[in-house]
Each structure stands twice: as structure tokens, then as C-alpha cells.
>>> print(open('data_36.cif').read())   # mmCIF, C-alpha atoms
data_final
#
loop_
_atom_site.label_atom_id
_atom_site.label_comp_id
_atom_site.auth_asym_id
_atom_site.auth_seq_id
_atom_site.Cartn_x
_atom_site.Cartn_y
_atom_site.Cartn_z
CA MET A 1 73.78 -34.92 -184.93
CA LYS A 2 73.82 -37.94 -187.17
CA ASP A 3 70.82 -40.15 -187.60
CA SER A 4 70.33 -43.34 -189.52
CA ILE A 5 69.01 -43.29 -193.05
CA PRO A 6 66.09 -45.63 -193.67
CA LEU A 7 66.75 -48.07 -196.45
CA ALA A 8 65.37 -47.09 -199.84
CA PRO A 9 62.83 -49.52 -201.36
CA LEU A 10 65.33 -50.56 -204.04
CA GLU A 11 67.97 -51.26 -201.39
CA LYS A 12 65.48 -53.36 -199.46
CA MET A 13 64.70 -55.36 -202.58
CA ALA A 14 68.41 -55.91 -203.32
CA ARG A 15 69.11 -57.00 -199.77
CA PHE A 16 66.11 -59.32 -199.81
CA ASN A 17 67.35 -60.92 -203.03
CA LEU A 18 70.84 -61.44 -201.62
CA ILE A 19 69.50 -62.84 -198.35
CA VAL A 20 67.35 -65.35 -200.25
CA PHE A 21 70.34 -66.33 -202.39
CA ALA A 22 72.63 -66.67 -199.36
CA ALA A 23 70.06 -68.76 -197.49
CA VAL A 24 69.53 -71.06 -200.48
CA THR A 25 73.28 -71.45 -200.98
CA VAL A 26 73.79 -72.36 -197.32
CA LEU A 27 70.90 -74.83 -197.53
CA TYR A 28 72.46 -76.35 -200.64
CA PHE A 29 75.79 -76.96 -198.96
CA ILE A 30 74.00 -78.51 -196.00
CA ALA A 31 71.80 -80.64 -198.25
CA VAL A 32 74.59 -82.14 -200.37
CA PRO A 33 76.33 -84.08 -197.56
CA SER A 34 72.96 -84.85 -195.97
CA LEU A 35 71.60 -86.40 -199.18
CA ALA A 36 74.86 -88.25 -199.74
CA TRP A 37 74.69 -89.70 -196.25
CA CYS A 38 70.97 -90.57 -196.38
CA PHE A 39 70.98 -92.21 -199.79
CA HIS A 40 74.51 -93.64 -199.69
CA ARG A 41 75.70 -91.59 -202.66
CA THR A 42 78.91 -89.73 -203.35
CA LEU A 43 78.96 -85.98 -202.78
CA LEU A 44 79.14 -85.46 -206.54
CA GLN A 45 76.06 -87.60 -207.10
CA ALA A 46 74.15 -85.84 -204.33
CA SER A 47 75.09 -82.40 -205.59
CA VAL A 48 72.78 -82.65 -208.63
CA PRO A 49 69.41 -83.35 -206.96
CA ALA A 50 70.28 -80.81 -204.25
CA LEU A 51 70.27 -78.16 -206.97
CA GLY A 52 66.50 -78.30 -206.69
CA LEU A 53 66.85 -76.18 -203.56
CA PHE A 54 67.65 -73.24 -205.82
CA GLY A 55 63.97 -73.34 -206.67
CA PHE A 56 63.55 -71.33 -203.47
CA CYS A 57 65.06 -68.45 -205.43
CA GLY A 58 61.48 -68.13 -206.67
CA PHE A 59 60.94 -66.06 -203.53
CA TRP A 60 62.70 -63.28 -205.44
CA GLY A 61 59.32 -62.68 -207.02
CA PHE A 62 58.23 -61.15 -203.72
CA GLY A 63 61.11 -58.65 -203.91
CA SER A 64 59.10 -56.28 -206.06
CA TYR A 65 56.76 -55.87 -203.09
CA PHE A 66 59.28 -53.41 -201.68
CA LEU A 67 58.97 -51.17 -204.72
CA TYR A 68 55.28 -50.47 -204.41
CA ASP A 69 53.70 -47.74 -202.38
CA ARG A 70 51.11 -49.31 -200.11
CA LYS A 71 48.93 -46.23 -200.24
CA ARG A 72 49.14 -45.85 -204.00
CA ARG A 73 49.53 -49.38 -205.26
CA ALA A 74 50.41 -48.53 -208.83
CA LYS A 75 53.16 -46.08 -207.97
CA VAL A 76 56.74 -47.31 -207.95
CA LYS A 77 58.81 -45.45 -205.40
CA LEU A 78 61.98 -44.69 -207.34
CA ASP A 79 63.34 -41.27 -208.09
CA GLU A 80 65.59 -40.36 -211.01
CA ARG A 81 68.85 -41.23 -209.27
CA GLU A 82 67.53 -44.59 -208.15
CA GLU A 83 66.33 -45.33 -211.67
CA LEU A 84 69.86 -44.67 -212.91
CA ILE A 85 71.34 -46.90 -210.22
CA ASN A 86 68.85 -49.62 -211.14
CA LEU A 87 69.65 -49.24 -214.83
CA GLN A 88 73.38 -49.52 -214.22
CA ALA A 89 72.89 -52.51 -211.93
CA THR A 90 70.62 -54.21 -214.47
CA THR A 91 73.26 -53.69 -217.15
CA THR A 92 75.91 -55.16 -214.86
CA GLY A 93 73.68 -58.13 -214.10
CA PHE A 94 72.94 -58.70 -217.77
CA ALA A 95 76.63 -58.52 -218.66
CA ALA A 96 77.48 -61.06 -215.97
CA ALA A 97 74.63 -63.37 -217.01
CA TRP A 98 75.66 -63.14 -220.65
CA GLY A 99 79.26 -63.95 -219.75
CA VAL A 100 78.18 -66.98 -217.77
CA PHE A 101 75.80 -68.07 -220.55
CA VAL A 102 78.52 -67.95 -223.19
CA ALA A 103 81.12 -69.56 -220.92
CA LEU A 104 78.78 -72.41 -219.97
CA CYS A 105 77.54 -73.02 -223.52
CA MET A 106 80.97 -72.93 -225.07
CA GLY A 107 82.59 -74.78 -222.16
CA VAL A 108 80.16 -77.67 -222.30
CA TRP A 109 80.24 -77.72 -226.09
CA VAL A 110 84.07 -77.79 -226.15
CA VAL A 111 84.21 -80.52 -223.52
CA ARG A 112 81.66 -82.61 -225.37
CA SER A 113 83.41 -82.03 -228.69
CA TYR A 114 86.89 -82.98 -227.57
CA VAL A 115 86.27 -85.36 -224.68
CA VAL A 116 83.01 -87.17 -225.43
CA HIS A 117 83.20 -86.52 -229.20
CA ARG A 118 79.50 -85.63 -229.29
CA PRO A 119 79.32 -81.90 -229.96
CA THR A 120 75.76 -81.34 -228.77
CA LEU A 121 74.34 -79.77 -225.65
CA PRO A 122 72.28 -82.27 -223.63
CA ILE A 123 68.66 -81.24 -223.15
CA VAL A 124 68.92 -81.56 -219.36
CA PHE A 125 71.57 -78.88 -219.49
CA LEU A 126 69.14 -76.25 -220.81
CA PRO A 127 67.07 -75.61 -217.64
CA PHE A 128 70.29 -75.56 -215.63
CA LEU A 129 71.69 -73.00 -218.05
CA VAL A 130 68.60 -70.77 -217.92
CA PHE A 131 68.29 -70.87 -214.13
CA THR A 132 72.00 -70.27 -213.63
CA CYS A 133 71.94 -67.22 -215.89
CA MET A 134 68.87 -65.83 -214.15
CA ILE A 135 70.43 -66.36 -210.74
CA VAL A 136 73.65 -64.66 -211.87
CA GLN A 137 71.63 -61.78 -213.34
CA THR A 138 69.67 -61.21 -210.13
CA VAL A 139 72.61 -61.58 -207.78
CA PHE A 140 74.82 -59.21 -209.78
CA GLN A 141 71.99 -56.74 -210.20
CA SER A 142 71.38 -56.75 -206.44
CA LEU A 143 75.08 -56.29 -205.74
CA GLY A 144 75.16 -53.47 -208.29
CA ILE A 145 72.24 -51.74 -206.62
CA LEU A 146 73.88 -51.89 -203.20
CA ALA A 147 77.19 -50.70 -204.66
CA GLY A 148 75.41 -47.83 -206.43
CA TYR A 149 73.81 -46.64 -203.20
CA LYS A 150 77.04 -47.05 -201.29
CA ARG A 151 79.00 -45.06 -203.88
CA SER A 152 76.70 -42.14 -204.39
CA CYS A 153 75.28 -41.83 -200.89
CA GLY A 154 77.83 -42.52 -198.19
CA ASP A 155 77.39 -41.98 -194.48
CA ASP A 156 76.89 -38.26 -194.85
CA THR A 157 73.76 -37.46 -192.93
CA LEU A 158 72.73 -34.44 -190.97
CA MET B 1 80.56 -44.79 -212.84
CA THR B 2 77.80 -43.58 -210.54
CA PRO B 3 75.02 -41.43 -211.97
CA SER B 4 77.22 -38.34 -211.60
CA GLU B 5 80.68 -39.30 -210.53
CA GLY B 6 83.18 -36.53 -211.11
CA VAL B 7 80.46 -33.92 -211.01
CA GLN B 8 81.60 -30.32 -211.21
CA LEU B 9 78.34 -28.93 -209.95
CA LYS B 10 78.45 -27.18 -206.62
CA ASN B 11 75.30 -26.51 -204.69
CA ARG B 12 74.04 -24.66 -201.65
CA ILE B 13 71.31 -27.10 -200.70
CA ARG B 14 72.55 -27.68 -197.18
CA LYS B 15 72.89 -23.96 -196.52
CA LEU B 16 69.49 -23.24 -198.04
CA ARG B 17 67.89 -25.93 -195.91
CA PHE B 18 69.12 -24.29 -192.76
CA GLU B 19 68.07 -20.88 -193.99
CA HIS B 20 64.59 -22.28 -194.44
CA GLY B 21 63.83 -23.15 -190.85
CA GLU B 22 66.32 -25.98 -190.60
CA MET B 23 64.38 -28.04 -193.09
CA THR B 24 65.34 -31.70 -192.80
CA GLN B 25 66.60 -33.75 -195.71
CA GLN B 26 63.46 -35.86 -195.55
CA GLU B 27 61.20 -32.81 -195.68
CA LEU B 28 63.05 -31.49 -198.70
CA ALA B 29 62.96 -34.91 -200.33
CA ASP B 30 59.20 -35.17 -199.81
CA HIS B 31 58.78 -31.65 -201.17
CA VAL B 32 60.60 -32.35 -204.42
CA GLY B 33 59.48 -35.96 -204.84
CA ALA B 34 62.88 -37.56 -204.38
CA ALA B 35 64.40 -40.03 -201.95
CA ARG B 36 66.29 -38.76 -198.93
CA GLN B 37 69.37 -40.60 -200.19
CA THR B 38 69.23 -38.47 -203.32
CA ILE B 39 69.30 -35.27 -201.25
CA ILE B 40 72.27 -36.66 -199.33
CA ALA B 41 74.05 -37.51 -202.57
CA LEU B 42 73.31 -34.03 -203.93
CA GLU B 43 74.64 -32.30 -200.83
CA ALA B 44 77.76 -34.44 -200.93
CA GLY B 45 78.29 -33.43 -204.56
CA LYS B 46 78.07 -37.04 -205.68
CA TYR B 47 75.10 -36.61 -207.95
CA ALA B 48 74.09 -34.03 -210.55
CA PRO B 49 70.31 -33.76 -210.74
CA SER B 50 68.20 -33.60 -213.85
CA LEU B 51 67.01 -30.19 -214.95
CA LEU B 52 63.56 -31.01 -213.64
CA LEU B 53 64.80 -31.89 -210.16
CA ALA B 54 67.03 -28.81 -210.13
CA PHE B 55 64.02 -26.61 -210.85
CA ARG B 56 61.99 -28.39 -208.20
CA LEU B 57 64.72 -27.84 -205.63
CA ALA B 58 64.97 -24.16 -206.52
CA LYS B 59 61.21 -23.82 -206.27
CA ALA B 60 61.21 -25.53 -202.88
CA PHE B 61 63.57 -22.84 -201.60
CA GLY B 62 61.86 -20.04 -203.52
CA VAL B 63 65.05 -19.06 -205.34
CA LYS B 64 66.42 -19.28 -208.88
CA THR B 65 68.14 -22.45 -210.06
CA GLU B 66 71.48 -20.65 -210.31
CA ASP B 67 71.18 -19.68 -206.66
CA VAL B 68 71.15 -23.37 -205.79
CA PHE B 69 73.60 -24.79 -208.31
CA GLN B 70 76.86 -23.42 -209.62
CA TRP B 71 78.77 -25.08 -212.42
CA ASP B 72 82.46 -25.35 -211.64
CA GLY B 73 83.62 -26.49 -215.07
CA ASP B 74 85.35 -24.78 -217.99
#
>>> encode(input="data_36.cif", output="C-alpha cells")
Amino acid sequence: MKDSIPLAPLEKMARFNLIVFAAVTVLYFIAVPSLAWCFHRTLLQASVPALGLFGFCGFWGFGSYFLYDRKRRAKVKLDEREELINLQATTTGFAAAWGVFVALCMGVWVVRSYVVHRPTLPIVFLPFLVFTCMIVQTVFQSLGILAGYKRSCGDDTL
Amino acid sequence: MTPSEGVQLKNRIRKLRFEHGEMTQQELADHVGAARQTIIALEAGKYAPSLLLAFRLAKAFGVKTEDVFQWDGD
């Protein structure tokens, strides 16, 4: 007889991270037309201040709550296989974040060099760059964790 | 690649569980200090454990490591 497998703490954290990201993204796409309509701006103009909603990704900080044993606070509940999955997912996330970092830096630099003829990165671009890379890192890491669990532990219960 | 994709390590964990009073995956996992998902992955042959976990599993069943795991490689 098959029974359901309770989610592992790492899986819960990954799902939590993705849910937060999905919710923030949905809010963003709701906020852009709303801001444009309220303040009589174009969608492009409204899209920049609406980026502030991604500050809610700060809730990811609570994701580590899932990794701690309530009875033994200092003990992280990961076994060796989960540590490997986490390591692989972290590497995937880092690779994705690095790719985005390089693409954004070089892209903006090339555009500013050949279009605006001012080959410098604007200072306001830096926080955007950092936050984007961190978001990419976390999202890809979470996806990697879920993929790792899915791959090495299918629906094979007894 | 998953932690042990393409593993050539066969095991008798499922059989041994049933020979030991139909021990559940969760009970075995608690006994060896692993997650239930890891036991499932082991039984499905999708993960090769560390030496330490292999010894723990053998100890949980009261048998030798080679009675639990068999290498199917060259």
C-alpha cells in the first residue's frame, strides 16, 4: 500500500522560496498597471518603482526556519544525500547568478558604450544588479533542490 | 547528475526490512539517522550511500555490509 512521503525540510524551504518569488512576481505584474493608472505614467515608467515589491523576497530569510529541529535548535536536519543535493543546487544557482551578472554588466556596458557613448555603469544600476543576481541564485537553487529530490527519490514508496 | 546516478550498487534493504518485522522506511531512517527519502532512493537504486551510512544500515539489520550491498561493476 502506498502512502505519501512527508516533505523533507530542504524541500519545504525550496518550495517556500519559490512560493514567495511567485507571489512577488504576480504582485509586481499587478502593481505595474495599477501604478501606471494611478499616477498617469506609462507602463515602462511604472515598472521601475514597482520593482520595490521584490523587497518582499526578504521573506526568504525565514526559509531557514524549515531546516532547524525544533527540539534541538542547533541541529540542521539534513542527511548526506540531502547535503549533496543542496550542494549541487547551490552550484547551479551560483552558475545561473554568475551568468546573469556577467550578461547584465557586459550588456549594459556595451549599450552605454555604443549607444550613449558613456562606457560606465550608472550607480543606480548596482543595487538592481546585486538583487537580481541574488534572486536568480535563490530561485535556481530552489529549483535545483526540487529537481534533485524528484530525480533521486521518485514516487516509490512502500 | 544526482548524487549517485548510474549507480551499480545493488542492495537488499527492502528485503531486509521485511525480514526484520516489516520495519518501515521511516523506522529504518530514524535508526540510521537519515531521511526517509534517502531510504527510498537507496531502495530504488538511485543513490549510493557513503561508507558510514552503509555500515549504519548493516548494523541496523545486524548483518555485514556485504550482505546489504553488492557491487555490480567490473
>>> resolve_selection(input="data_36.cif", expression="the PyMOL selection byres ((chain B) within 8 of (chain A))", output="PyMOL selection string")
chain B and resi 2-3+5+25+33-38+40-41+44+46-47+49-50
>>> closest_residue(input="data_36.cif", among="B:Asn11, B:Asp72, B:His20, B:Ala60", to="Gly45 in chain B", atoms="all atoms listed in the file")
B:Asn11
>>> closest_residue(input="data_36.cif", among="A:Val26, A:Leu10, A:Ile123, A:Cys133", to="Val100 in chain A", atoms="all atoms listed in the file")
A:Cys133
>>> closest_residue(input="data_36.cif", among="B:Lys10, B:Lys15, B:Lys64, B:Arg56", to="Asp30 in chain B", atoms="all atoms listed in the file")
B:Arg56
>>> residues_around(input="data_36.cif", residues="Ala95 in chain A", least_positions_apart="6", cutoff="10 Å", atoms="all atoms listed in the file", output="list of chain:residue names")
A:Ala89, A:Phe101, A:Val136, A:Gln137, A:Phe140, A:Gln141
>>> resolve_selection(input="data_36.cif", expression="the PyMOL selection byres ((chain A and resi 104) around 12)", output="count of residues only")
23
>>> residues_near_point(input="data_36.cif", point="(67.4, -28.5, -200.4)", cutoff="8 Å", atoms="all atoms listed in the file", output="PDB file with C-alpha atoms, in the frame of the given file")
ATOM      1  CA  ARG B  12      74.040 -24.660-201.650  1.00  0.00           C
ATOM      2  CA  ILE B  13      71.310 -27.100-200.700  1.00  0.00           C
ATOM      3  CA  ARG B  14      72.550 -27.680-197.180  1.00  0.00           C
ATOM      4  CA  LEU B  16      69.490 -23.240-198.040  1.00  0.00           C
ATOM      5  CA  ARG B  17      67.890 -25.930-195.910  1.00  0.00           C
ATOM      6  CA  MET B  23      64.380 -28.040-193.090  1.00  0.00           C
ATOM      7  CA  GLN B  25      66.600 -33.750-195.710  1.00  0.00           C
ATOM      8  CA  LEU B  28      63.050 -31.490-198.700  1.00  0.00           C
ATOM      9  CA  ALA B  29      62.960 -34.910-200.330  1.00  0.00           C
ATOM     10  CA  ILE B  39      69.300 -35.270-201.250  1.00  0.00           C
ATOM     11  CA  LEU B  57      64.720 -27.840-205.630  1.00  0.00           C
ATOM     12  CA  ALA B  58      64.970 -24.160-206.520  1.00  0.00           C
ATOM     13  CA  ALA B  60      61.210 -25.530-202.880  1.00  0.00           C
ATOM     14  CA  PHE B  61      63.570 -22.840-201.600  1.00  0.00           C
TER      15      PHE B  61
END
